[in-house]
$ cat entry.cif   # mmCIF, C-alpha atoms
data_target
loop_
_atom_site.label_atom_id
_atom_site.label_comp_id
_atom_site.auth_asym_id
_atom_site.auth_seq_id
_atom_site.Cartn_x
_atom_site.Cartn_y
_atom_site.Cartn_z
CA MET F 1488 105.43 93.09 102.28
CA LYS F 1489 109.12 93.02 103.13
CA THR F 1490 110.04 91.76 99.65
CA MET F 1491 108.04 94.52 97.98
CA PHE F 1492 109.56 97.12 100.31
CA MET F 1493 113.09 95.94 99.53
CA PHE F 1494 112.30 95.95 95.80
CA ASP F 1495 111.11 99.58 96.03
CA LEU F 1496 114.10 100.53 98.16
CA LEU F 1497 116.52 99.02 95.64
CA THR F 1498 114.87 100.94 92.82
CA ALA F 1499 114.75 104.18 94.84
CA THR F 1500 118.45 104.10 95.75
CA LYS F 1501 119.30 104.66 92.08
CA MET F 1502 117.70 108.10 92.18
CA LEU F 1503 118.08 109.07 95.84
CA LYS F 1504 121.54 110.63 95.61
CA SER F 1505 120.60 113.18 92.96
CA GLN F 1506 117.18 113.73 94.52
CA VAL F 1507 118.63 114.42 97.97
CA VAL F 1508 121.09 116.95 96.54
CA LEU F 1509 118.32 118.68 94.60
CA SER F 1510 116.01 118.65 97.63
CA VAL F 1511 118.67 120.17 99.88
CA VAL F 1512 119.39 123.02 97.46
CA VAL F 1513 115.73 123.82 96.81
CA ALA F 1514 114.77 123.48 100.49
CA VAL F 1515 117.50 125.89 101.64
CA ILE F 1516 116.53 128.43 98.97
CA PHE F 1517 112.88 128.11 99.98
CA GLY F 1518 113.59 128.44 103.70
CA VAL F 1519 115.84 131.48 103.27
CA SER F 1520 113.68 133.28 100.69
CA THR F 1521 110.54 132.91 102.82
CA ASP F 1522 112.30 133.83 106.09
CA MET F 1523 111.12 130.48 107.47
CA PRO F 1524 114.25 128.38 107.99
CA LEU F 1525 112.33 125.65 109.79
CA ALA F 1526 110.17 125.18 106.68
CA ILE F 1527 113.15 123.24 105.34
CA ILE F 1528 112.01 120.26 107.44
CA PRO F 1529 108.58 119.66 105.83
CA PHE F 1530 109.85 120.83 102.44
CA MET F 1531 112.50 118.10 102.41
CA ALA F 1532 109.89 115.50 103.36
CA LEU F 1533 107.50 116.59 100.63
CA MET F 1534 110.15 116.72 97.90
CA LEU F 1535 111.71 113.39 98.80
CA ALA F 1536 108.43 111.54 99.32
CA TYR F 1537 106.64 112.88 96.26
CA ALA F 1538 109.53 112.70 93.81
CA THR F 1539 110.49 109.19 94.85
CA GLY F 1540 106.93 107.97 95.17
CA PHE F 1541 105.65 109.15 91.82
CA THR F 1542 108.80 107.93 90.10
CA LEU F 1543 108.31 104.43 91.52
CA ILE F 1544 104.70 104.38 90.39
CA ALA F 1545 105.69 105.61 86.94
CA TYR F 1546 108.36 102.92 86.67
CA ASP F 1547 105.70 100.29 87.40
CA GLU F 1548 103.62 101.26 84.39
CA ARG F 1549 106.48 102.04 82.03
CA ASN F 1550 108.23 98.72 82.61
CA ASP F 1551 105.11 96.56 83.20
CA TRP F 1552 106.39 95.68 86.65
CA GLU F 1553 102.84 95.48 87.98
CA LYS F 1554 102.16 92.46 85.77
CA LEU F 1555 105.58 90.95 86.53
CA ARG F 1556 104.99 91.10 90.29
CA LEU F 1557 101.80 89.08 89.93
CA THR F 1558 103.93 86.17 88.69
CA LEU F 1559 106.07 86.27 91.82
CA PRO F 1560 105.22 84.63 95.15
CA LEU F 1561 103.67 87.88 96.40
CA SER F 1562 100.05 88.46 97.28
CA ARG F 1563 98.39 91.64 96.12
CA ALA F 1564 98.11 92.65 99.77
CA ASP F 1565 101.90 92.25 100.12
CA ILE F 1566 102.43 94.51 97.11
CA VAL F 1567 100.14 97.25 98.41
CA HIS F 1568 101.40 97.12 101.98
CA GLY F 1569 105.01 97.18 100.78
CA ARG F 1570 104.33 100.26 98.67
CA TYR F 1571 102.66 102.03 101.62
CA ALA F 1572 105.63 101.14 103.82
CA THR F 1573 108.01 102.59 101.21
CA PHE F 1574 106.21 105.93 101.10
CA ALA F 1575 105.95 106.13 104.89
CA VAL F 1576 109.68 105.46 105.26
CA MET F 1577 110.56 108.00 102.55
CA THR F 1578 108.44 110.62 104.31
CA VAL F 1579 110.10 110.01 107.68
CA ALA F 1580 113.51 109.97 106.00
CA GLY F 1581 112.77 113.37 104.50
CA ILE F 1582 111.81 114.73 107.92
CA VAL F 1583 115.02 113.37 109.45
CA LEU F 1584 117.18 114.75 106.65
CA GLY F 1585 115.43 118.11 106.92
CA GLY F 1586 116.02 118.17 110.67
CA VAL F 1587 119.70 117.27 110.25
CA LEU F 1588 120.10 119.97 107.59
CA VAL F 1589 118.51 122.62 109.82
CA ALA F 1590 120.69 121.53 112.76
CA VAL F 1591 123.85 121.77 110.64
CA LEU F 1592 122.92 125.21 109.31
CA TRP F 1593 122.07 126.46 112.79
CA GLY F 1594 125.38 125.18 114.10
CA LEU F 1595 127.30 126.90 111.30
CA ALA F 1596 125.32 130.09 111.92
CA GLN F 1597 126.59 130.19 115.50
CA LEU F 1598 130.13 130.20 114.15
CA ALA F 1599 129.50 132.74 111.38
CA PRO F 1600 126.22 134.54 112.15
CA THR F 1601 126.75 137.26 109.53
CA ALA F 1602 127.59 134.96 106.63
CA PRO F 1603 125.20 134.99 103.65
CA VAL F 1604 122.37 132.45 104.00
CA LEU F 1605 123.54 131.48 107.50
CA SER F 1606 122.30 134.78 108.96
CA GLU F 1607 118.73 133.49 108.65
CA PHE F 1608 119.61 130.67 111.05
CA ALA F 1609 121.41 132.76 113.67
CA GLY F 1610 118.36 133.27 115.91
CA ALA F 1611 117.30 131.15 118.86
CA PHE F 1612 116.09 127.65 118.01
CA ASP F 1613 112.32 127.31 118.43
CA TRP F 1614 111.80 123.64 119.23
CA GLN F 1615 108.01 123.97 119.30
CA MET F 1616 107.93 125.33 115.77
CA ALA F 1617 110.33 122.58 114.72
CA VAL F 1618 107.90 119.97 116.08
CA VAL F 1619 105.00 121.65 114.28
CA MET F 1620 106.93 121.73 111.02
CA ALA F 1621 108.00 118.10 111.31
CA VAL F 1622 104.48 116.87 112.04
CA SER F 1623 103.04 119.09 109.31
CA GLY F 1624 105.47 117.60 106.80
CA ILE F 1625 104.41 114.06 107.71
CA VAL F 1626 100.71 114.92 107.61
CA PHE F 1627 100.84 116.76 104.27
CA ALA F 1628 102.97 114.06 102.64
CA LEU F 1629 100.80 111.17 103.81
CA VAL F 1630 97.50 112.91 103.02
CA LEU F 1631 98.34 112.84 99.32
CA TRP F 1632 99.19 109.14 99.45
CA ILE F 1633 96.05 108.40 101.46
CA ILE F 1634 94.05 109.79 98.55
CA ALA F 1635 96.27 108.81 95.64
CA LEU F 1636 97.31 105.22 96.39
CA PRO F 1637 93.80 103.69 96.41
CA LEU F 1638 93.19 105.36 93.03
CA VAL F 1639 96.50 104.08 91.70
CA ALA F 1640 95.73 100.60 93.01
CA ARG F 1641 92.41 100.57 91.19
CA TYR F 1642 93.19 102.40 87.95
CA GLY F 1643 96.97 102.70 87.64
CA MET F 1644 98.90 105.96 87.61
CA THR F 1645 97.88 107.18 84.16
CA LYS F 1646 94.16 107.10 84.95
CA ALA F 1647 94.55 107.99 88.63
CA VAL F 1648 96.22 111.33 87.92
CA ARG F 1649 93.06 112.39 86.12
CA PHE F 1650 91.06 112.03 89.32
CA LEU F 1651 93.49 113.76 91.69
CA PRO F 1652 93.04 117.30 90.31
CA LEU F 1653 89.28 116.73 90.33
CA ALA F 1654 89.39 115.80 93.99
CA PHE F 1655 91.19 119.02 94.90
CA VAL F 1656 88.92 121.08 92.65
CA ILE F 1657 85.94 119.72 94.56
CA VAL F 1658 87.43 119.91 98.05
CA LEU F 1659 89.03 123.37 97.89
CA PRO F 1660 85.88 125.36 96.93
CA ILE F 1661 83.86 123.53 99.59
CA ALA F 1662 86.53 124.23 102.21
CA THR F 1663 86.70 127.89 101.14
CA VAL F 1664 82.93 128.32 101.44
CA LEU F 1665 82.87 126.66 104.86
CA ILE F 1666 85.64 128.95 106.11
CA GLN F 1667 83.87 132.03 104.78
CA LYS F 1668 80.58 130.98 106.36
CA ALA F 1669 82.19 130.13 109.68
CA GLY F 1670 82.63 133.76 110.73
CA PRO F 1671 84.71 134.71 113.78
CA LEU F 1672 86.26 131.84 115.64
CA PRO F 1673 84.51 130.98 118.91
CA ALA F 1674 86.29 131.56 122.20
CA SER F 1675 86.73 127.82 122.72
CA VAL F 1676 88.73 127.54 119.51
CA MET F 1677 90.91 130.49 120.47
CA ASP F 1678 91.49 128.90 123.88
CA PHE F 1679 92.48 125.66 122.17
CA VAL F 1680 94.94 127.50 119.90
CA ALA F 1681 96.43 129.21 122.94
CA TRP F 1682 96.78 125.84 124.68
CA VAL F 1683 98.47 124.29 121.63
CA ALA F 1684 101.01 127.14 121.76
CA THR F 1685 102.15 125.91 125.18
CA PRO F 1686 104.93 123.30 125.34
CA THR F 1687 102.58 120.62 126.66
CA GLY F 1688 99.87 121.51 124.16
CA THR F 1689 102.32 121.38 121.25
CA LEU F 1690 103.49 117.88 122.15
CA VAL F 1691 99.97 116.54 122.80
CA ALA F 1692 98.55 118.08 119.62
CA ALA F 1693 101.48 116.77 117.58
CA GLY F 1694 101.00 113.28 119.00
CA ALA F 1695 97.27 113.40 118.29
CA ALA F 1696 97.84 114.57 114.71
CA LEU F 1697 100.32 111.74 114.11
CA ALA F 1698 97.94 109.18 115.60
CA VAL F 1699 95.09 110.34 113.36
CA ILE F 1700 97.19 110.34 110.19
CA VAL F 1701 98.58 106.87 110.99
CA VAL F 1702 95.04 105.50 111.42
CA LEU F 1703 93.92 107.11 108.15
CA PHE F 1704 97.03 105.76 106.42
CA ALA F 1705 96.21 102.25 107.64
CA LEU F 1706 92.58 102.55 106.54
CA SER F 1707 93.73 103.80 103.14
CA SER F 1708 96.00 100.78 102.74
CA MET F 1709 93.09 98.45 103.55
CA LEU F 1710 90.96 100.17 100.90
CA ALA F 1711 93.81 100.02 98.39
CA VAL F 1712 94.20 96.28 98.95
CA ARG F 1713 90.51 95.68 98.22
CA LEU F 1714 90.64 97.81 95.09
CA TYR F 1715 93.87 96.20 93.88
CA GLU F 1716 92.43 92.71 94.33
CA LYS F 1717 89.57 93.64 91.99
CA ARG F 1718 91.83 95.12 89.34
CA GLU F 1719 92.39 93.20 86.12
CA PHE F 1720 95.51 93.50 83.99
#
$ encode --input "entry.cif" --output "structure tokens"
Amino acid sequence: MKTMFMFDLLTATKMLKSQVVLSVVVAVIFGVSTDMPLAIIPFMALMLAYATGFTLIAYDERNDWEKLRLTLPLSRADIVHGRYATFAVMTVAGIVLGGVLVAVLWGLAQLAPTAPVLSEFAGAFDWQMAVVMAVSGIVFALVLWIIALPLVARYGMTKAVRFLPLAFVIVLPIATVLIQKAGPLPASVMDFVAWVATPTGTLVAAGAALAVIVVLFALSSMLAVRLYEKREF
């Protein structure tokens, strides 16, 4: 797994500089234009994780690296686990970079609160919302990989991308119907939302969300290994 992770990291470093610059620019524009400066945190994670991840997968097919790796002293489980580790690290790196960017902008806003762009960051720092945004970025980024990587392991990127839109087309209408049929939220749900808004509730809910997504990520990697072992090249 470590060898595969280092291989991905070496390949990713060739594109990271330009991708980070692009992500920073787009994330700041998005955060300012939507009046949600803290949205920079998950936006950075999504841009960095998705752009890097899909590029690595595309490189595999374009350069026949998938076949080459099978000639190396790497098991198929090592290859899959290394790829999952890469995407997890890229997601966390995006969250960290987003947090650092927000902190820098907030610090500059204290020095020049009326400056263009910086004025959006001049308000009080809401640490609870920052936690929510950071956890949301991790969850949203990993959910895509939880669904996509088993498909890529079984069919490759070219065929897998045909199934991804279908999955969302199926899930979104079902989710919409369920929400419409649900009616008013029960009092217990409203009480839970109110509890999550408290400092303790925010931290506990964030920890629970991370625990769930980590378990699902691990289960997805196990499924991807089984599918990849059955794949023929």
$ residues_around --input "entry.cif" --residues "segment 1687-1702 of chain F" --least-positions-apart "5" --cutoff "7 Å" --atoms "only C-alpha atoms" --output "list in words"
Gln1615, Val1619, Val1622, Val1626 and Trp1682 of chain F
$ atom_distance --input "entry.cif" --atom1 "atom CA of Met1523 of chain F" --atom2 "atom CA of Val1589 of chain F"
11.0 Å
$ resolve_selection --input "entry.cif" --expression "the PyMOL selection byres ((chain F and resi 1515) around 12)" --output "VMD selection string"
chain F and resid 1508 to 1514 1516 to 1531 1585 to 1586 1588 to 1589 1591 to 1592 1604 to 1605 1607 to 1608
$ write_last_selection --input "entry.cif" --atoms "C-alpha atoms" --output "CSV table (one decimal), in the coordinates of the input"
chain,number,residue,atom,x,y,z
F,1508,VAL,CA,121.1,117.0,96.5
F,1509,LEU,CA,118.3,118.7,94.6
F,1510,SER,CA,116.0,118.6,97.6
F,1511,VAL,CA,118.7,120.2,99.9
F,1512,VAL,CA,119.4,123.0,97.5
F,1513,VAL,CA,115.7,123.8,96.8
F,1514,ALA,CA,114.8,123.5,100.5
F,1516,ILE,CA,116.5,128.4,99.0
F,1517,PHE,CA,112.9,128.1,100.0
F,1518,GLY,CA,113.6,128.4,103.7
F,1519,VAL,CA,115.8,131.5,103.3
F,1520,SER,CA,113.7,133.3,100.7
F,1521,THR,CA,110.5,132.9,102.8
F,1522,ASP,CA,112.3,133.8,106.1
F,1523,MET,CA,111.1,130.5,107.5
F,1524,PRO,CA,114.2,128.4,108.0
F,1525,LEU,CA,112.3,125.6,109.8
F,1526,ALA,CA,110.2,125.2,106.7
F,1527,ILE,CA,113.2,123.2,105.3
F,1528,ILE,CA,112.0,120.3,107.4
F,1529,PRO,CA,108.6,119.7,105.8
F,1530,PHE,CA,109.8,120.8,102.4
F,1531,MET,CA,112.5,118.1,102.4
F,1585,GLY,CA,115.4,118.1,106.9
F,1586,GLY,CA,116.0,118.2,110.7
F,1588,LEU,CA,120.1,120.0,107.6
F,1589,VAL,CA,118.5,122.6,109.8
F,1591,VAL,CA,123.8,121.8,110.6
F,1592,LEU,CA,122.9,125.2,109.3
F,1604,VAL,CA,122.4,132.4,104.0
F,1605,LEU,CA,123.5,131.5,107.5
F,1607,GLU,CA,118.7,133.5,108.6
F,1608,PHE,CA,119.6,130.7,111.0
$ closest_residue --input "entry.cif" --among "F:Thr1542, F:Ser1708, F:Thr1498, F:Asn1550" --to "Ala1635 of chain F" --atoms "only C-alpha atoms"
F:Ser1708
$ residues_around --input "entry.cif" --residues "segment 1570-1582 of chain F" --least-positions-apart "5" --cutoff "10 Å" --atoms "all atoms listed in the file" --output "MDAnalysis selection string"
chainID F and resid 1488:1489 1491:1496 1499 1507 1510 1527:1541 1543:1544 1564:1565 1587:1588 1620:1629 1632:1633 1636 1701 1704:1705 1707:1708 1711
$ atom_distance --input "entry.cif" --atom1 "atom CA of Leu1631 of chain F" --atom2 "atom CA of Leu1703 of chain F"
11.4 Å
$ closest_residue --input "entry.cif" --among "F:Pro1603, F:Gly1569, F:Thr1645, F:Trp1614" --to "Ala1590 of chain F" --atoms "only C-alpha atoms"
F:Trp1614
$ axis_aligned_box --input "entry.cif" --around "segment 1623-1631 of chain F" --padding-each-side "3 Å" --output "AutoDock Vina command-line options"
--center_x 101.5 --center_y 115.1 --center_z 104.3 --size_x 14.0 --size_y 13.9 --size_z 16.0
$ atom_distance --input "entry.cif" --atom1 "atom CA of Arg1563 of chain F" --atom2 "atom CA of Glu1548 of chain F"
16.0 Å
$ residues_around --input "entry.cif" --residues "Leu1714 of chain F" --least-positions-apart "5" --cutoff "9 Å" --atoms "all atoms listed in the file" --output "ChimeraX atom specification"
/F:1637-1638,1640-1642,1709
$ closest_residue --input "entry.cif" --among "F:Ala1681, F:Thr1500, F:Ser1562, F:Leu1706" --to "Val1630 of chain F" --atoms "all atoms listed in the file"
F:Leu1706
$ build_atoms --input "entry.cif" --residues "segment 1525-1536 of chain F" --atoms "all heavy atoms" --output "PDB file, in the frame of the given file"
ATOM      1  N   LEU F1525     112.834 126.947 109.349  1.00  0.00           N
ATOM      2  CA  LEU F1525     112.330 125.650 109.790  1.00  0.00           C
ATOM      3  C   LEU F1525     111.419 124.993 108.755  1.00  0.00           C
ATOM      4  O   LEU F1525     111.127 123.801 108.852  1.00  0.00           O
ATOM      5  CB  LEU F1525     111.578 125.796 111.116  1.00  0.00           C
ATOM      6  CG  LEU F1525     112.461 126.074 112.339  1.00  0.00           C
ATOM      7  CD1 LEU F1525     111.605 126.340 113.562  1.00  0.00           C
ATOM      8  CD2 LEU F1525     113.402 124.902 112.601  1.00  0.00           C
ATOM      9  N   ALA F1526     110.980 125.765 107.761  1.00  0.00           N
ATOM     10  CA  ALA F1526     110.170 125.180 106.680  1.00  0.00           C
ATOM     11  C   ALA F1526     110.980 124.191 105.856  1.00  0.00           C
ATOM     12  O   ALA F1526     110.414 123.426 105.071  1.00  0.00           O
ATOM     13  CB  ALA F1526     109.625 126.284 105.791  1.00  0.00           C
ATOM     14  N   ILE F1527     112.294 124.214 106.030  1.00  0.00           N
ATOM     15  CA  ILE F1527     113.150 123.240 105.340  1.00  0.00           C
ATOM     16  C   ILE F1527     112.741 121.814 105.723  1.00  0.00           C
ATOM     17  O   ILE F1527     112.788 120.903 104.887  1.00  0.00           O
ATOM     18  CB  ILE F1527     114.630 123.484 105.692  1.00  0.00           C
ATOM     19  CG1 ILE F1527     115.117 124.776 105.022  1.00  0.00           C
ATOM     20  CG2 ILE F1527     115.507 122.312 105.282  1.00  0.00           C
ATOM     21  CD1 ILE F1527     116.521 125.171 105.418  1.00  0.00           C
ATOM     22  N   ILE F1528     112.324 121.614 106.962  1.00  0.00           N
ATOM     23  CA  ILE F1528     112.010 120.260 107.440  1.00  0.00           C
ATOM     24  C   ILE F1528     110.857 119.646 106.653  1.00  0.00           C
ATOM     25  O   ILE F1528     111.010 118.565 106.066  1.00  0.00           O
ATOM     26  CB  ILE F1528     111.718 120.282 108.953  1.00  0.00           C
ATOM     27  CG1 ILE F1528     112.950 120.763 109.721  1.00  0.00           C
ATOM     28  CG2 ILE F1528     111.291 118.891 109.434  1.00  0.00           C
ATOM     29  CD1 ILE F1528     112.723 120.944 111.212  1.00  0.00           C
ATOM     30  N   PRO F1529     109.658 120.268 106.613  1.00  0.00           N
ATOM     31  CA  PRO F1529     108.580 119.660 105.830  1.00  0.00           C
ATOM     32  C   PRO F1529     108.854 119.697 104.327  1.00  0.00           C
ATOM     33  O   PRO F1529     108.421 118.801 103.596  1.00  0.00           O
ATOM     34  CB  PRO F1529     107.354 120.509 106.187  1.00  0.00           C
ATOM     35  CG  PRO F1529     107.905 121.822 106.607  1.00  0.00           C
ATOM     36  CD  PRO F1529     109.194 121.486 107.304  1.00  0.00           C
ATOM     37  N   PHE F1530     109.573 120.724 103.868  1.00  0.00           N
ATOM     38  CA  PHE F1530     109.850 120.830 102.440  1.00  0.00           C
ATOM     39  C   PHE F1530     110.689 119.647 101.970  1.00  0.00           C
ATOM     40  O   PHE F1530     110.445 119.087 100.895  1.00  0.00           O
ATOM     41  CB  PHE F1530     110.574 122.144 102.147  1.00  0.00           C
ATOM     42  CG  PHE F1530     110.477 122.583 100.724  1.00  0.00           C
ATOM     43  CD1 PHE F1530     109.366 123.280 100.274  1.00  0.00           C
ATOM     44  CD2 PHE F1530     111.487 122.297  99.819  1.00  0.00           C
ATOM     45  CE1 PHE F1530     109.267 123.684  98.948  1.00  0.00           C
ATOM     46  CE2 PHE F1530     111.397 122.696  98.494  1.00  0.00           C
ATOM     47  CZ  PHE F1530     110.274 123.398  98.061  1.00  0.00           C
ATOM     48  N   MET F1531     111.672 119.258 102.757  1.00  0.00           N
ATOM     49  CA  MET F1531     112.500 118.100 102.410  1.00  0.00           C
ATOM     50  C   MET F1531     111.648 116.836 102.364  1.00  0.00           C
ATOM     51  O   MET F1531     111.805 116.000 101.461  1.00  0.00           O
ATOM     52  CB  MET F1531     113.621 117.928 103.439  1.00  0.00           C
ATOM     53  CG  MET F1531     114.796 118.863 103.257  1.00  0.00           C
ATOM     54  SD  MET F1531     115.797 118.427 101.808  1.00  0.00           S
ATOM     55  CE  MET F1531     116.465 116.845 102.322  1.00  0.00           C
ATOM     56  N   ALA F1532     110.744 116.688 103.324  1.00  0.00           N
ATOM     57  CA  ALA F1532     109.890 115.500 103.360  1.00  0.00           C
ATOM     58  C   ALA F1532     108.998 115.433 102.127  1.00  0.00           C
ATOM     59  O   ALA F1532     108.858 114.374 101.499  1.00  0.00           O
ATOM     60  CB  ALA F1532     109.040 115.500 104.628  1.00  0.00           C
ATOM     61  N   LEU F1533     108.401 116.569 101.765  1.00  0.00           N
ATOM     62  CA  LEU F1533     107.500 116.590 100.630  1.00  0.00           C
ATOM     63  C   LEU F1533     108.244 116.304  99.325  1.00  0.00           C
ATOM     64  O   LEU F1533     107.780 115.523  98.483  1.00  0.00           O
ATOM     65  CB  LEU F1533     106.795 117.946 100.539  1.00  0.00           C
ATOM     66  CG  LEU F1533     105.856 118.282 101.707  1.00  0.00           C
ATOM     67  CD1 LEU F1533     105.290 119.681 101.547  1.00  0.00           C
ATOM     68  CD2 LEU F1533     104.725 117.270 101.792  1.00  0.00           C
ATOM     69  N   MET F1534     109.390 116.928  99.140  1.00  0.00           N
ATOM     70  CA  MET F1534     110.150 116.720  97.900  1.00  0.00           C
ATOM     71  C   MET F1534     110.619 115.278  97.773  1.00  0.00           C
ATOM     72  O   MET F1534     110.490 114.660  96.719  1.00  0.00           O
ATOM     73  CB  MET F1534     111.342 117.673  97.852  1.00  0.00           C
ATOM     74  CG  MET F1534     110.979 119.108  97.550  1.00  0.00           C
ATOM     75  SD  MET F1534     112.395 120.066  96.940  1.00  0.00           S
ATOM     76  CE  MET F1534     112.767 119.244  95.397  1.00  0.00           C
ATOM     77  N   LEU F1535     111.164 114.748  98.859  1.00  0.00           N
ATOM     78  CA  LEU F1535     111.710 113.390  98.800  1.00  0.00           C
ATOM     79  C   LEU F1535     110.601 112.366  98.622  1.00  0.00           C
ATOM     80  O   LEU F1535     110.705 111.453  97.795  1.00  0.00           O
ATOM     81  CB  LEU F1535     112.511 113.095 100.069  1.00  0.00           C
ATOM     82  CG  LEU F1535     113.395 111.847 100.036  1.00  0.00           C
ATOM     83  CD1 LEU F1535     114.451 111.980  98.958  1.00  0.00           C
ATOM     84  CD2 LEU F1535     114.059 111.621 101.386  1.00  0.00           C
ATOM     85  N   ALA F1536     109.524 112.515  99.380  1.00  0.00           N
ATOM     86  CA  ALA F1536     108.430 111.540  99.320  1.00  0.00           C
ATOM     87  C   ALA F1536     107.719 111.580  97.981  1.00  0.00           C
ATOM     88  O   ALA F1536     107.465 110.541  97.369  1.00  0.00           O
ATOM     89  CB  ALA F1536     107.439 111.809 100.452  1.00  0.00           C
TER      90      ALA F1536
END
